[in-house]
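Pasting query-v3.txt here (compact mmCIF, C-alpha atoms):
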```
# COMPACT_ATOMS: atom_id res chain seq x y z
CA MET A 226 -49.26 -17.43 74.07
CA ALA A 227 -48.68 -20.58 71.97
CA ASN A 228 -46.28 -19.25 69.32
CA SER A 229 -45.83 -15.67 70.40
CA PRO A 230 -43.02 -14.81 72.82
CA VAL A 231 -43.65 -14.77 76.55
CA ALA A 232 -43.81 -11.06 77.41
CA ILE A 233 -42.17 -10.38 80.75
CA LEU A 234 -41.85 -6.95 82.37
CA LEU A 235 -38.91 -6.64 84.76
CA TYR A 236 -38.54 -3.68 87.11
CA SER A 237 -35.53 -3.01 89.32
CA ASP A 238 -33.35 0.05 89.74
CA ASP A 239 -30.40 -2.33 90.20
CA SER A 240 -28.89 -3.60 86.95
CA THR A 241 -27.34 -6.60 88.74
CA VAL A 242 -30.78 -7.72 89.94
CA ARG A 243 -32.11 -7.41 86.39
CA ALA A 244 -29.16 -9.42 85.04
CA THR A 245 -29.66 -12.13 87.68
CA VAL A 246 -33.35 -12.43 86.81
CA ARG A 247 -32.58 -12.62 83.08
CA ALA A 248 -30.03 -15.36 83.73
CA ALA A 249 -32.44 -17.32 85.95
CA LEU A 250 -35.19 -17.16 83.32
CA GLY A 251 -32.90 -18.07 80.45
CA THR A 252 -34.27 -17.85 76.93
CA ARG A 253 -37.36 -19.90 77.85
CA VAL A 254 -39.07 -20.35 81.20
CA THR A 255 -39.58 -24.03 80.40
CA PRO A 256 -38.25 -26.07 77.48
CA SER A 257 -41.73 -26.26 75.92
CA ALA A 258 -42.53 -22.56 76.38
CA PRO A 259 -42.05 -19.92 73.69
CA GLU A 260 -38.99 -17.70 73.95
CA ASN A 261 -38.94 -14.94 76.55
CA GLU A 262 -39.29 -11.33 75.51
CA ILE A 263 -38.07 -9.42 78.55
CA HIS A 264 -38.69 -5.69 78.80
CA GLU A 265 -36.50 -4.10 81.49
CA PHE A 266 -37.23 -0.94 83.44
CA ALA A 267 -34.93 0.88 85.85
CA THR A 268 -37.56 3.42 86.93
CA GLY A 269 -41.17 3.17 87.97
CA ALA A 270 -41.99 6.03 85.60
CA ALA A 271 -40.65 4.09 82.60
CA LEU A 272 -42.59 0.98 83.62
CA HIS A 273 -45.82 2.96 84.03
CA ALA A 274 -45.32 4.72 80.68
CA TYR A 275 -44.85 1.37 78.93
CA ILE A 276 -47.93 -0.13 80.55
CA ASP A 277 -50.04 2.96 79.84
CA ALA A 278 -49.13 2.73 76.15
CA ARG A 279 -50.29 -0.89 75.86
CA PRO A 280 -53.86 -1.88 74.93
CA ALA A 281 -55.99 -3.32 77.74
CA GLY A 282 -55.34 -7.02 78.20
CA LYS A 283 -52.04 -6.85 76.26
CA VAL A 284 -49.71 -5.57 78.97
CA ALA A 285 -47.61 -8.72 79.48
CA ASP A 286 -47.75 -12.36 80.50
CA LEU A 287 -45.79 -11.82 83.72
CA ILE A 288 -44.56 -8.84 85.74
CA ILE A 289 -41.49 -9.16 87.96
CA LEU A 290 -40.92 -6.36 90.47
CA ASP A 291 -38.06 -5.67 92.87
CA ALA A 292 -39.54 -4.79 96.27
CA GLU A 293 -36.27 -3.12 97.25
CA ALA A 294 -36.13 -0.75 94.27
CA VAL A 295 -35.83 2.93 95.07
CA PRO A 296 -37.37 5.40 95.10
CA GLU A 297 -40.48 3.46 94.05
CA GLY A 298 -40.61 -0.03 95.51
CA GLY A 299 -42.09 -3.01 93.75
CA MET A 300 -44.72 -3.64 96.44
CA GLY A 301 -46.34 -0.26 95.90
CA ILE A 302 -46.15 -0.66 92.13
CA ALA A 303 -47.75 -4.11 92.37
CA ARG A 304 -50.62 -2.78 94.47
CA GLY A 305 -51.21 0.05 92.02
CA LEU A 306 -51.12 -2.25 88.99
CA LYS A 307 -53.65 -4.60 90.57
CA ASP A 308 -55.97 -1.62 91.08
CA GLU A 309 -55.42 0.03 87.70
CA VAL A 310 -54.67 -2.59 85.02
CA PHE A 311 -57.59 -4.53 83.54
CA GLN A 312 -56.86 -8.26 83.83
CA CYS A 313 -53.49 -7.49 85.39
CA PRO A 314 -50.91 -10.17 84.65
CA PRO A 315 -49.53 -12.20 87.56
CA VAL A 316 -46.90 -10.39 89.61
CA LEU A 317 -43.78 -12.02 91.00
CA LEU A 318 -42.19 -9.92 93.72
CA LEU A 319 -38.51 -10.07 94.70
CA VAL A 320 -38.13 -9.44 98.43
CA ALA A 321 -35.06 -9.14 100.65
CA ARG A 322 -36.30 -11.38 103.48
CA GLU A 323 -38.76 -14.25 103.81
CA ASP A 324 -40.43 -12.22 106.56
CA ASP A 325 -41.46 -9.70 103.88
CA ALA A 326 -43.95 -12.19 102.42
CA TRP A 327 -46.78 -10.85 104.59
CA LEU A 328 -46.22 -7.39 103.15
CA ALA A 329 -46.22 -8.83 99.67
CA ALA A 330 -49.71 -10.17 100.39
CA TRP A 331 -50.80 -6.55 100.85
CA SER A 332 -49.41 -5.77 97.40
CA ARG A 333 -51.55 -8.58 95.92
CA ALA A 334 -48.56 -10.17 94.20
CA GLU A 335 -49.29 -13.77 93.24
CA ALA A 336 -45.83 -14.99 94.25
CA VAL A 337 -42.75 -13.98 96.20
CA VAL A 338 -39.12 -15.02 95.75
CA VAL A 339 -36.35 -14.05 98.14
CA ASN A 340 -33.38 -12.24 96.65
CA PRO A 341 -30.65 -13.41 96.16
CA ILE A 342 -32.63 -15.78 94.05
CA ASP A 343 -32.19 -19.48 93.53
CA PRO A 344 -32.43 -19.86 89.72
CA PHE A 345 -34.36 -23.14 89.88
CA THR A 346 -36.91 -21.85 92.39
CA PHE A 347 -37.25 -18.63 90.44
CA ALA A 348 -37.81 -20.35 87.08
CA HIS A 349 -40.31 -22.79 88.64
CA THR A 350 -42.23 -19.91 90.25
CA ALA A 351 -42.28 -17.96 86.99
CA ALA A 352 -43.49 -21.04 85.08
CA SER A 353 -46.29 -21.55 87.63
CA LEU A 354 -47.42 -17.95 87.23
CA LEU A 355 -47.39 -18.20 83.45
CA ALA A 356 -49.54 -21.34 83.69
CA LEU A 357 -51.91 -19.38 85.95
CA ARG A 358 -52.06 -16.57 83.39
CA LYS A 359 -52.84 -19.04 80.60
CA GLU A 360 -55.54 -20.68 82.72
CA ARG A 361 -57.12 -17.31 83.53
CA SER A 362 -57.11 -16.21 79.88
CA GLN A 363 -58.79 -19.43 78.76
CA SER A 364 -61.52 -19.10 81.39
CA HIS A 365 -62.63 -15.57 80.37
CA PHE A 366 -65.44 -15.12 77.91
CA VAL A 367 -64.84 -12.30 75.46
```
As structure tokens, how would this structure be written, given the file I've shared?
Amino acid sequence: MANSPVAILLYSDDSTVRATVRAALGTRVTPSAPENEIHEFATGAALHAYIDARPAGKVADLIILDAEAVPEGGMGIARGLKDEVFQCPPVLLLVAREDDAWLAAWSRAEAVVVNPIDPFTFAHTAASLLALRKERSQSHFV
């Protein structure tokens, strides 16, 4: 991840949510991080097709899912990805209410942010998950 872009998958059926996330992330998650390469998906089918076409272990560095997306919510997608994707990247889940955090635990998302998002909290959470991803990748023996 040193010089290559930070690959982020962003799923929401709502274009305003996607735009808000892009704005919160900016061009880099942190000043010292490589530039973001954000791949946006408005449908679960498009997200799944993209992931299925990627080689194992090369899906992304971070996956951001909108729990309120319809007809396929981000929580269900997160749960499926954790079951199906080898070395699944960390998942950040956007939820409508803080009380939804317990449900997000079922989805096995590593982090939850309440929407509407606070850009600073969101960027900090994303940076923490990217650090977790880097730590995990360095600890695996290939």
Centre and edge lengths of an axis-aligned box around all listed atoms of segment 283-296 of chain A, with 3 Å added on each side, are to be given in Å to one decimal, as AutoDock Vina command-line options.
```
--center_x -43.9 --center_y -3.5 --center_z 86.8 --size_x 22.2 --size_y 23.8 --size_z 27.0
```
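Across the structure, atom CA of Ile288 of chain A and atom CA of Ile233 of chain A are spaced 5.7 Å apart.
The two atoms in question, atom CA of Asp324 of chain A and atom CA of Glu265 of chain A, are spaced 26.6 Å apart.
Distance-wise, atom CA of His349 of chain A and atom CA of Ala336 of chain A end up 11.1 Å apart.
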Near Asp343 of chain A, within 10 Å and counting all atoms listed in the file, which residues show up once chain neighbours fewer than 3 positions away are dropped, as a PyMOL selection string? chain A and resi 245-246+249+338-340+346-348
May I ask you to restore N, CA and C atoms in segment 237-261 of chain A and write the result as a short mmCIF file (atom, residue, chain, number, x, y, z; two decimals), in the coordinates of the input?
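Dumped to selection.cif:
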```cif
data_model
loop_
_atom_site.label_atom_id
_atom_site.label_comp_id
_atom_site.auth_asym_id
_atom_site.auth_seq_id
_atom_site.Cartn_x
_atom_site.Cartn_y
_atom_site.Cartn_z
N SER A 237 -36.46 -3.17 88.21
CA SER A 237 -35.53 -3.01 89.32
C SER A 237 -34.60 -1.85 88.98
N ASP A 238 -34.30 -1.04 89.97
CA ASP A 238 -33.35 0.05 89.74
C ASP A 238 -31.91 -0.46 89.72
N ASP A 239 -31.72 -1.72 90.10
CA ASP A 239 -30.40 -2.33 90.20
C ASP A 239 -30.14 -3.22 88.98
N SER A 240 -29.18 -2.84 88.17
CA SER A 240 -28.89 -3.60 86.95
C SER A 240 -28.42 -5.02 87.25
N THR A 241 -27.77 -5.24 88.41
CA THR A 241 -27.34 -6.60 88.74
C THR A 241 -28.53 -7.50 89.06
N VAL A 242 -29.55 -6.95 89.68
CA VAL A 242 -30.78 -7.72 89.94
C VAL A 242 -31.43 -8.09 88.61
N ARG A 243 -31.52 -7.13 87.70
CA ARG A 243 -32.11 -7.41 86.39
C ARG A 243 -31.31 -8.50 85.66
N ALA A 244 -30.00 -8.42 85.72
CA ALA A 244 -29.16 -9.42 85.04
C ALA A 244 -29.34 -10.80 85.67
N THR A 245 -29.45 -10.86 86.98
CA THR A 245 -29.66 -12.13 87.68
C THR A 245 -31.00 -12.75 87.29
N VAL A 246 -32.03 -11.94 87.21
CA VAL A 246 -33.35 -12.43 86.81
C VAL A 246 -33.31 -12.94 85.38
N ARG A 247 -32.71 -12.18 84.48
CA ARG A 247 -32.58 -12.62 83.08
C ARG A 247 -31.87 -13.97 82.99
N ALA A 248 -30.79 -14.11 83.75
CA ALA A 248 -30.03 -15.36 83.73
C ALA A 248 -30.86 -16.52 84.29
N ALA A 249 -31.62 -16.27 85.34
CA ALA A 249 -32.44 -17.32 85.95
C ALA A 249 -33.56 -17.76 85.01
N LEU A 250 -34.12 -16.82 84.25
CA LEU A 250 -35.19 -17.16 83.32
C LEU A 250 -34.67 -17.85 82.07
N GLY A 251 -33.45 -17.51 81.67
CA GLY A 251 -32.90 -18.07 80.45
C GLY A 251 -33.67 -17.56 79.24
N THR A 252 -33.57 -18.27 78.14
CA THR A 252 -34.27 -17.85 76.93
C THR A 252 -35.71 -18.33 76.92
N ARG A 253 -36.00 -19.35 77.71
CA ARG A 253 -37.36 -19.90 77.85
C ARG A 253 -37.58 -20.26 79.31
N VAL A 254 -38.78 -20.02 79.80
CA VAL A 254 -39.07 -20.35 81.20
C VAL A 254 -39.08 -21.86 81.39
N THR A 255 -39.63 -22.57 80.42
CA THR A 255 -39.58 -24.03 80.40
C THR A 255 -39.19 -24.44 78.98
N PRO A 256 -38.66 -25.65 78.82
CA PRO A 256 -38.25 -26.07 77.48
C PRO A 256 -39.38 -26.03 76.45
N SER A 257 -40.61 -26.25 76.87
CA SER A 257 -41.73 -26.26 75.92
C SER A 257 -42.38 -24.89 75.72
N ALA A 258 -41.95 -23.91 76.48
CA ALA A 258 -42.53 -22.56 76.38
C ALA A 258 -41.91 -21.79 75.22
N PRO A 259 -42.65 -20.81 74.70
CA PRO A 259 -42.05 -19.92 73.69
C PRO A 259 -40.89 -19.14 74.31
N GLU A 260 -40.11 -18.50 73.46
CA GLU A 260 -38.99 -17.70 73.95
C GLU A 260 -39.48 -16.52 74.76
N ASN A 261 -38.64 -16.12 75.72
CA ASN A 261 -38.94 -14.94 76.55
C ASN A 261 -38.66 -13.66 75.77
#
```
